[in-house]
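Raw structure-v2.txt, compact mmCIF, C-alpha atoms and all ligand atoms:
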# COMPACT_ATOMS: atom_id res chain seq x y z
CA MET A 1 -5.81 179.81 -30.66
CA SER A 2 -3.84 176.64 -29.97
CA GLU A 3 -6.76 175.40 -27.85
CA LEU A 4 -8.97 175.03 -30.92
CA LYS A 5 -6.30 172.91 -32.61
CA ASP A 6 -6.10 170.68 -29.50
CA LEU A 7 -9.86 170.37 -29.31
CA PHE A 8 -10.09 169.28 -32.94
CA LYS A 9 -7.28 166.76 -32.44
CA GLU A 10 -9.59 164.98 -29.96
CA ILE A 11 -11.78 164.02 -32.92
CA ASN A 12 -8.76 163.41 -35.20
CA ILE A 13 -9.05 166.59 -37.23
CA GLU A 14 -5.81 168.41 -38.05
CA LEU A 15 -6.38 172.15 -38.51
CA ASP A 16 -3.66 172.75 -41.11
CA GLY A 17 -3.00 175.77 -43.34
CA ASP A 18 -5.30 178.71 -42.62
CA LYS A 19 -8.22 176.65 -41.28
CA GLU A 20 -7.74 177.83 -37.69
CA VAL A 21 -7.74 181.48 -38.82
CA LYS A 22 -10.97 180.80 -40.76
CA PHE A 23 -12.70 179.42 -37.66
CA GLN A 24 -11.52 182.46 -35.71
CA ARG A 25 -12.94 184.87 -38.32
CA TYR A 26 -16.18 182.87 -38.51
CA TYR A 27 -16.56 183.30 -34.73
CA GLU A 28 -15.96 187.07 -34.99
CA LEU A 29 -18.56 187.45 -37.78
CA LEU A 30 -21.06 185.34 -35.86
CA ILE A 31 -20.77 187.60 -32.80
CA GLU A 32 -20.83 190.80 -34.89
CA TRP A 33 -23.99 189.82 -36.82
CA ASN A 34 -25.63 188.26 -33.76
CA SER A 35 -25.86 191.73 -32.19
CA LYS A 36 -28.14 192.78 -35.11
CA PHE A 37 -29.95 189.55 -36.03
CA ASN A 38 -30.71 186.54 -33.94
CA LEU A 39 -28.30 183.83 -35.09
CA THR A 40 -27.34 181.91 -31.95
CA ALA A 41 -28.00 181.86 -28.21
CA ILE A 42 -24.46 180.56 -27.66
CA THR A 43 -21.88 183.36 -27.82
CA ASP A 44 -19.10 182.45 -25.36
CA TYR A 45 -15.93 181.64 -27.35
CA ASP A 46 -15.28 178.20 -25.82
CA GLU A 47 -18.93 177.23 -26.06
CA VAL A 48 -19.15 178.20 -29.74
CA MET A 49 -15.97 176.21 -30.45
CA ILE A 50 -17.41 173.09 -28.78
CA LYS A 51 -21.20 173.24 -29.19
CA HIS A 52 -21.24 174.65 -32.72
CA PHE A 53 -17.89 174.01 -34.45
CA LEU A 54 -16.85 170.70 -32.91
CA ASP A 55 -20.41 169.36 -32.81
CA SER A 56 -20.82 170.16 -36.52
CA LEU A 57 -17.73 168.10 -37.31
CA SER A 58 -18.77 165.15 -35.17
CA ILE A 59 -20.23 163.61 -38.36
CA ILE A 60 -16.77 162.15 -38.92
CA LYS A 61 -17.52 159.78 -36.03
CA ALA A 62 -20.30 158.28 -38.14
CA VAL A 63 -19.15 158.42 -41.76
CA ASP A 64 -16.10 158.72 -43.99
CA ILE A 65 -17.11 162.11 -45.29
CA LYS A 66 -13.95 162.55 -47.42
CA THR A 67 -15.35 160.07 -49.96
CA CYS A 68 -18.31 162.36 -50.74
CA SER A 69 -18.18 164.92 -53.51
CA ASN A 70 -21.16 167.07 -52.53
CA LEU A 71 -23.33 167.79 -49.49
CA ILE A 72 -26.43 169.84 -48.69
CA ASP A 73 -27.18 171.30 -45.24
CA VAL A 74 -30.93 171.83 -44.80
CA GLY A 75 -32.00 174.54 -42.31
CA THR A 76 -28.38 175.57 -41.83
CA GLY A 77 -29.22 178.75 -39.84
CA ALA A 78 -25.89 180.44 -39.09
CA GLY A 79 -24.07 177.68 -40.99
CA PHE A 80 -24.19 174.61 -38.74
CA PRO A 81 -23.05 172.02 -39.56
CA GLY A 82 -22.28 173.08 -43.18
CA ILE A 83 -19.67 175.83 -42.71
CA PRO A 84 -17.36 173.96 -40.27
CA ILE A 85 -17.52 170.94 -42.63
CA ALA A 86 -16.67 173.25 -45.57
CA ILE A 87 -13.65 174.74 -43.77
CA VAL A 88 -12.18 171.36 -42.86
CA PHE A 89 -13.08 169.60 -46.14
CA PRO A 90 -12.51 172.15 -48.94
CA ASP A 91 -12.84 169.47 -51.65
CA ILE A 92 -16.52 168.79 -50.87
CA LYS A 93 -18.99 171.04 -52.75
CA ILE A 94 -21.41 172.35 -50.14
CA THR A 95 -24.92 173.77 -50.54
CA LEU A 96 -26.43 175.65 -47.60
CA LEU A 97 -30.21 176.09 -47.53
CA ASP A 98 -32.31 178.19 -45.15
CA SER A 99 -35.76 179.72 -45.25
CA LEU A 100 -34.71 182.94 -43.45
CA ASN A 101 -33.17 185.48 -45.81
CA LYS A 102 -31.21 187.38 -43.13
CA ARG A 103 -29.41 184.19 -42.20
CA VAL A 104 -28.56 183.63 -45.87
CA SER A 105 -27.12 187.20 -46.05
CA PHE A 106 -24.92 186.33 -43.07
CA LEU A 107 -23.83 183.09 -44.75
CA ASN A 108 -22.90 184.97 -47.94
CA GLU A 109 -20.74 187.35 -45.90
CA VAL A 110 -19.00 184.39 -44.22
CA ILE A 111 -18.46 182.69 -47.61
CA ASP A 112 -16.88 185.89 -49.05
CA GLU A 113 -14.76 186.78 -46.02
CA LEU A 114 -13.43 183.26 -45.53
CA GLY A 115 -12.97 182.67 -49.27
CA LEU A 116 -15.03 179.46 -49.16
CA VAL A 117 -15.11 178.77 -52.90
CA ASN A 118 -16.64 175.33 -52.26
CA VAL A 119 -19.83 176.77 -50.66
CA LYS A 120 -23.05 178.32 -52.02
CA ALA A 121 -25.97 179.54 -49.89
CA PHE A 122 -29.61 179.54 -51.02
CA HIS A 123 -32.72 181.12 -49.57
CA GLY A 124 -35.86 178.99 -49.57
CA ARG A 125 -37.76 176.10 -48.11
CA ALA A 126 -36.65 172.51 -48.34
CA GLU A 127 -40.17 171.55 -49.48
CA ASP A 128 -39.73 173.72 -52.62
CA TYR A 129 -36.05 173.03 -53.39
CA GLY A 130 -36.63 169.32 -52.83
CA ARG A 131 -38.96 169.23 -55.84
CA GLY A 132 -36.61 171.23 -58.08
CA GLU A 133 -33.14 171.01 -59.58
CA PHE A 134 -31.48 169.86 -56.33
CA ARG A 135 -33.64 166.73 -56.11
CA GLU A 136 -31.63 163.49 -55.80
CA LYS A 137 -28.36 165.35 -56.58
CA TYR A 138 -26.39 164.94 -53.33
CA ASP A 139 -24.14 162.26 -51.84
CA ILE A 140 -25.05 163.48 -48.34
CA CYS A 141 -27.73 165.64 -46.79
CA VAL A 142 -27.11 166.84 -43.23
CA SER A 143 -29.39 168.69 -40.83
CA ARG A 144 -29.18 169.80 -37.21
CA ALA A 145 -31.92 171.16 -34.92
CA VAL A 146 -34.58 171.71 -37.60
CA ALA A 147 -37.45 169.24 -36.96
CA ASN A 148 -38.38 165.82 -35.59
CA LEU A 149 -36.90 162.88 -37.50
CA SER A 150 -40.08 162.04 -39.42
CA THR A 151 -40.57 165.62 -40.71
CA LEU A 152 -36.85 166.02 -41.30
CA THR A 153 -36.62 162.87 -43.39
CA GLU A 154 -39.36 164.20 -45.68
CA LEU A 155 -37.46 167.51 -46.00
CA CYS A 156 -34.04 165.93 -46.50
CA LEU A 157 -34.18 162.52 -48.20
CA PRO A 158 -35.51 163.92 -51.54
CA PHE A 159 -32.12 165.69 -51.99
CA VAL A 160 -30.13 162.46 -51.67
CA LYS A 161 -28.96 160.41 -54.67
CA MET A 162 -29.61 156.68 -54.73
CA GLY A 163 -26.82 155.10 -52.70
CA GLY A 164 -26.23 158.30 -50.74
CA PHE A 165 -27.43 159.07 -47.23
CA PHE A 166 -29.02 161.58 -44.88
CA ALA A 167 -27.29 162.26 -41.54
CA ALA A 168 -29.54 163.74 -38.83
CA TYR A 169 -27.75 165.38 -35.89
CA LYS A 170 -29.78 164.58 -32.79
CA SER A 171 -29.48 164.79 -29.04
CA GLU A 172 -31.89 163.42 -26.49
CA LYS A 173 -34.85 161.10 -27.09
CA VAL A 174 -33.27 159.74 -30.25
CA ARG A 175 -34.63 156.24 -29.65
CA GLU A 176 -38.29 157.43 -29.49
CA GLU A 177 -37.75 159.63 -32.56
CA VAL A 178 -36.29 156.74 -34.53
CA GLU A 179 -39.23 154.52 -33.58
CA SER A 180 -41.86 157.07 -34.55
CA ALA A 181 -40.10 157.91 -37.84
CA ASP A 182 -39.90 154.28 -38.99
CA LYS A 183 -42.89 154.41 -41.34
CA ALA A 184 -41.92 157.81 -42.82
CA ILE A 185 -38.36 156.67 -43.53
CA ASP A 186 -39.65 153.59 -45.36
CA LEU A 187 -42.23 155.60 -47.39
CA LEU A 188 -39.55 158.07 -48.45
CA GLY A 189 -37.15 155.38 -49.73
CA GLY A 190 -34.78 155.29 -46.77
CA LYS A 191 -33.39 152.73 -44.36
CA ILE A 192 -31.64 153.48 -41.08
CA SER A 193 -28.16 152.02 -41.32
CA GLU A 194 -26.74 153.24 -38.02
CA VAL A 195 -27.33 155.40 -34.96
CA VAL A 196 -23.98 156.61 -33.61
CA ASN A 197 -24.09 157.80 -29.99
CA PHE A 198 -21.30 159.77 -28.36
CA VAL A 199 -20.58 162.41 -25.73
CA LEU A 200 -19.52 165.78 -27.11
CA PRO A 201 -15.87 166.29 -26.02
CA SER A 202 -15.30 168.59 -23.01
CA THR A 203 -19.04 168.37 -22.12
CA ASP A 204 -21.49 165.86 -20.73
CA TYR A 205 -23.86 166.26 -23.71
CA ASP A 206 -25.20 163.07 -25.22
CA ARG A 207 -25.29 163.39 -28.98
CA SER A 208 -26.44 161.03 -31.74
CA ILE A 209 -26.11 160.95 -35.48
CA VAL A 210 -28.77 158.94 -37.30
CA ILE A 211 -27.62 157.67 -40.70
CA ILE A 212 -30.41 156.96 -43.20
CA ASN A 213 -29.37 155.34 -46.48
CA LYS A 214 -31.34 156.03 -49.64
CA ILE A 215 -32.28 152.62 -50.97
CA LYS A 216 -35.19 153.58 -53.27
CA GLU A 217 -36.08 156.69 -55.26
CA THR A 218 -38.34 159.03 -53.30
CA SER A 219 -41.89 159.16 -54.70
CA MET A 220 -42.76 162.49 -56.40
CA LYS A 221 -45.50 162.82 -53.78
CA TYR A 222 -42.74 164.00 -51.41
CA PRO A 223 -41.90 166.45 -50.05
CA ARG A 224 -45.49 167.65 -49.66
CA LYS A 225 -46.27 171.37 -49.93
CA ALA A 226 -44.48 173.84 -47.62
CA GLY A 227 -45.55 173.46 -44.01
CA THR A 228 -47.32 170.09 -44.39
CA PRO A 229 -44.34 167.89 -43.35
CA SER A 230 -44.23 169.61 -39.95
CA LYS A 231 -48.01 170.00 -39.49
CA GLN A 232 -48.85 166.43 -40.51
CA PRO A 233 -45.74 164.24 -40.11
CA LEU A 234 -45.99 161.01 -42.12
N1 LIG B 301 -28.89 174.02 -38.26
C1 LIG B 301 -28.63 175.22 -37.48
C2 LIG B 301 -28.03 174.87 -36.14
O1 LIG B 301 -27.94 173.69 -35.81
O2 LIG B 301 -27.62 175.80 -35.41
C3 LIG B 301 -29.89 176.09 -37.34
C4 LIG B 301 -30.98 175.48 -36.49
S1 LIG B 301 -32.37 176.57 -36.35
C5 LIG B 301 -33.08 176.02 -34.85
C6 LIG B 301 -33.47 175.94 -37.61
C7 LIG B 301 -33.24 176.59 -38.97
O3 LIG B 301 -33.96 175.86 -39.94
C8 LIG B 301 -33.71 178.02 -39.04
O4 LIG B 301 -32.66 178.85 -39.50
C9 LIG B 301 -34.89 177.99 -40.01
O5 LIG B 301 -34.98 179.17 -40.78
C10 LIG B 301 -34.55 176.77 -40.85
N2 LIG B 301 -35.71 176.06 -41.42
C11 LIG B 301 -36.80 175.60 -40.76
N3 LIG B 301 -37.65 174.97 -41.58
C12 LIG B 301 -37.09 175.04 -42.83
C13 LIG B 301 -37.49 174.56 -44.11
N4 LIG B 301 -38.64 173.94 -44.28
N5 LIG B 301 -36.66 174.77 -45.17
C14 LIG B 301 -35.49 175.45 -44.99
N6 LIG B 301 -35.06 175.92 -43.80
C15 LIG B 301 -35.85 175.72 -42.72

Represent the structure contained in this file as structure tokens.
Ligand code: SAM
Amino acid sequence: MSELKDLFKEINIELDGDKEVKFQRYYELLIEWNSKFNLTAITDYDEVMIKHFLDSLSIIKAVDIKTCSNLIDVGTGAGFPGIPIAIVFPDIKITLLDSLNKRVSFLNEVIDELGLVNVKAFHGRAEDYGRGEFREKYDICVSRAVANLSTLTELCLPFVKMGGFFAAYKSEKVREEVESADKAIDLLGGKISEVVNFVLPSTDYDRSIVIINKIKETSMKYPRKAGTPSKQPL
């Protein structure tokens, strides 16, 4: 277990109190549920620690997340990046959203077992929630491995308050994605403030986090109805 602590120290995160035990239990639940429902292709302990847990927390390379009071993770799947962020930053109120109900059942089990009182999981599509009570309510929206940047900005930016931002976790081809999402980001009220590139520790994976600031309210035209943002990207 000390290895996880050392790994997190590489990105300046101190796993104090019972945080290390929580990550351990999260791993066990992930493996247990993965045998019944498809949650992740990565199951090896070290790989989960690095490619899921550490990667989820790499947002701290891009932003001072401690200053935010709430965050929404869109298309969280088995809880990435939202659950690792919730374990390390218990003062941030975290909303997890996913369109697959079985994944949300898994998330509710993790929330109960780990006693994550700062987290709530919801079942539904971003296109629907983004027009409802969660619209423009969050300091940060995060999303990893859900869609191309143009589609993702339409799904995510409606949740962000004015002055807040959307952080997209990306890997390869980030430059092309940024170029082709330019028009969509502008239409949706966003502006790219930074693209932070780094290599995931203990790997040779190139990772990027694209930070999009919300500089204007998003028009009520967006998000369009479920499925349209991915079928017809702006
Ligand atoms: N973010 C997780 C990760 O990095 O491991 C899961 C990635 S998984 C490839 C994509 C997830 O996004 C799936 O769990 C899927 O159900 C969810 N998803 C896709 N489109 C969505 C939408 N429009 N609204 C909400 N969830 C969506």

Using only C-alpha atoms and all ligand atoms, find each residue with an atom at most 6 Å away from ligand LIG 301 (chain B) and format the answer as an MDAnalysis selection string.
chainID A and resid 74:77 80 97:100 124:127 143:146

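For range 215-228 of chain A, the residues within 8 Å (counting only C-alpha atoms, excluding itself and residues fewer than 4 positions away along the chain) are Arg125, Ala126, Glu127, Asp128, Gly130, Arg131, Glu154, Leu155, Leu157, Pro158, Met162, Gly163, Leu187, Leu188, Gly189, Gly190, Lys191, Gln232 and Pro233 of chain A.
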
Pick out the closest residue to Glu194 in chain A from this set: A:Leu152, A:Ala62, A:Ile85, A:Leu114. Count all atoms listed in the file.
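Smallest distance to Glu194 in chain A is found for A:Ala62.
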
How far is it from CA of Ser171 in chain A to CA of Asn197 in chain A, in Å with one decimal?
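CA of Asn197 in chain A lies at a distance of 8.9 Å from CA of Ser171 in chain A.
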
Between CA of Lys51 in chain A and CA of Asp204 in chain A lies a distance of 11.2 Å

Hey, which of A:Ser208, A:Thr203, A:Ser35, A:Asn70 ends up closest to Leu7 in chain A? Count all atoms listed in the file.
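Closest candidate: A:Thr203.
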
Using the partial input, fill out range 59-82 of chain A with N, CA, C and O atoms; write the result as a short mmCIF file (atom, residue, chain, number, x, y, z; two decimals), keeping the file's coordinate frame.
data_model
loop_
_atom_site.label_atom_id
_atom_site.label_comp_id
_atom_site.auth_asym_id
_atom_site.auth_seq_id
_atom_site.Cartn_x
_atom_site.Cartn_y
_atom_site.Cartn_z
N ILE A 59 -19.78 164.55 -37.32
CA ILE A 59 -20.23 163.61 -38.36
C ILE A 59 -19.12 162.64 -38.73
O ILE A 59 -19.38 161.51 -39.15
N ILE A 60 -17.86 163.06 -38.55
CA ILE A 60 -16.77 162.15 -38.92
C ILE A 60 -16.72 160.92 -38.01
O ILE A 60 -16.06 159.95 -38.32
N LYS A 61 -17.43 160.98 -36.89
CA LYS A 61 -17.52 159.78 -36.03
C LYS A 61 -18.42 158.73 -36.67
O LYS A 61 -18.38 157.56 -36.34
N ALA A 62 -19.30 159.19 -37.57
CA ALA A 62 -20.30 158.28 -38.14
C ALA A 62 -19.99 157.85 -39.56
O ALA A 62 -20.35 156.75 -39.96
N VAL A 63 -19.36 158.75 -40.35
CA VAL A 63 -19.15 158.42 -41.76
C VAL A 63 -17.80 158.91 -42.26
O VAL A 63 -17.23 159.86 -41.70
N ASP A 64 -17.34 158.28 -43.36
CA ASP A 64 -16.10 158.72 -43.99
C ASP A 64 -16.46 159.80 -45.01
O ASP A 64 -16.65 159.54 -46.19
N ILE A 65 -16.57 161.01 -44.50
CA ILE A 65 -17.11 162.11 -45.29
C ILE A 65 -16.20 162.49 -46.47
O ILE A 65 -16.66 163.03 -47.48
N LYS A 66 -14.92 162.17 -46.37
CA LYS A 66 -13.95 162.55 -47.42
C LYS A 66 -14.28 161.89 -48.76
O LYS A 66 -13.89 162.37 -49.81
N THR A 67 -15.04 160.77 -48.71
CA THR A 67 -15.35 160.07 -49.96
C THR A 67 -16.52 160.72 -50.71
O THR A 67 -16.86 160.30 -51.80
N CYS A 68 -17.15 161.74 -50.11
CA CYS A 68 -18.31 162.36 -50.74
C CYS A 68 -17.90 163.56 -51.58
O CYS A 68 -16.99 164.29 -51.20
N SER A 69 -18.57 163.76 -52.71
CA SER A 69 -18.18 164.92 -53.51
C SER A 69 -19.08 166.13 -53.25
O SER A 69 -18.64 167.26 -53.40
N ASN A 70 -20.34 165.90 -52.84
CA ASN A 70 -21.16 167.07 -52.53
C ASN A 70 -22.09 166.78 -51.34
O ASN A 70 -22.37 165.62 -51.01
N LEU A 71 -22.53 167.89 -50.72
CA LEU A 71 -23.33 167.79 -49.49
C LEU A 71 -24.29 168.97 -49.43
O LEU A 71 -23.93 170.07 -49.83
N ILE A 72 -25.50 168.73 -48.93
CA ILE A 72 -26.43 169.84 -48.69
C ILE A 72 -26.80 169.88 -47.21
O ILE A 72 -27.02 168.82 -46.59
N ASP A 73 -26.80 171.10 -46.64
CA ASP A 73 -27.18 171.30 -45.24
C ASP A 73 -28.54 172.01 -45.23
O ASP A 73 -28.64 173.17 -45.63
N VAL A 74 -29.56 171.31 -44.78
CA VAL A 74 -30.93 171.83 -44.80
C VAL A 74 -31.27 172.50 -43.46
O VAL A 74 -31.14 171.89 -42.40
N GLY A 75 -31.71 173.77 -43.53
CA GLY A 75 -32.00 174.54 -42.31
C GLY A 75 -30.71 174.85 -41.58
O GLY A 75 -30.58 174.69 -40.37
N THR A 76 -29.75 175.36 -42.35
CA THR A 76 -28.38 175.57 -41.83
C THR A 76 -28.28 176.70 -40.81
O THR A 76 -27.33 176.76 -40.03
N GLY A 77 -29.25 177.64 -40.80
CA GLY A 77 -29.22 178.75 -39.84
C GLY A 77 -27.97 179.59 -40.04
O GLY A 77 -27.69 180.10 -41.12
N ALA A 78 -27.14 179.68 -39.00
CA ALA A 78 -25.89 180.44 -39.09
C ALA A 78 -24.75 179.61 -39.69
O ALA A 78 -23.59 180.01 -39.59
N GLY A 79 -25.09 178.45 -40.28
CA GLY A 79 -24.07 177.68 -40.99
C GLY A 79 -23.67 176.37 -40.33
O GLY A 79 -22.62 175.82 -40.64
N PHE A 80 -24.53 175.85 -39.45
CA PHE A 80 -24.19 174.61 -38.74
C PHE A 80 -25.08 173.46 -39.18
O PHE A 80 -26.30 173.61 -39.16
N PRO A 81 -24.48 172.36 -39.58
CA PRO A 81 -23.05 172.02 -39.56
C PRO A 81 -22.27 172.36 -40.84
O PRO A 81 -21.07 172.14 -40.89
N GLY A 82 -22.92 172.97 -41.87
CA GLY A 82 -22.28 173.08 -43.18
C GLY A 82 -20.97 173.85 -43.24
O GLY A 82 -20.02 173.41 -43.91
#
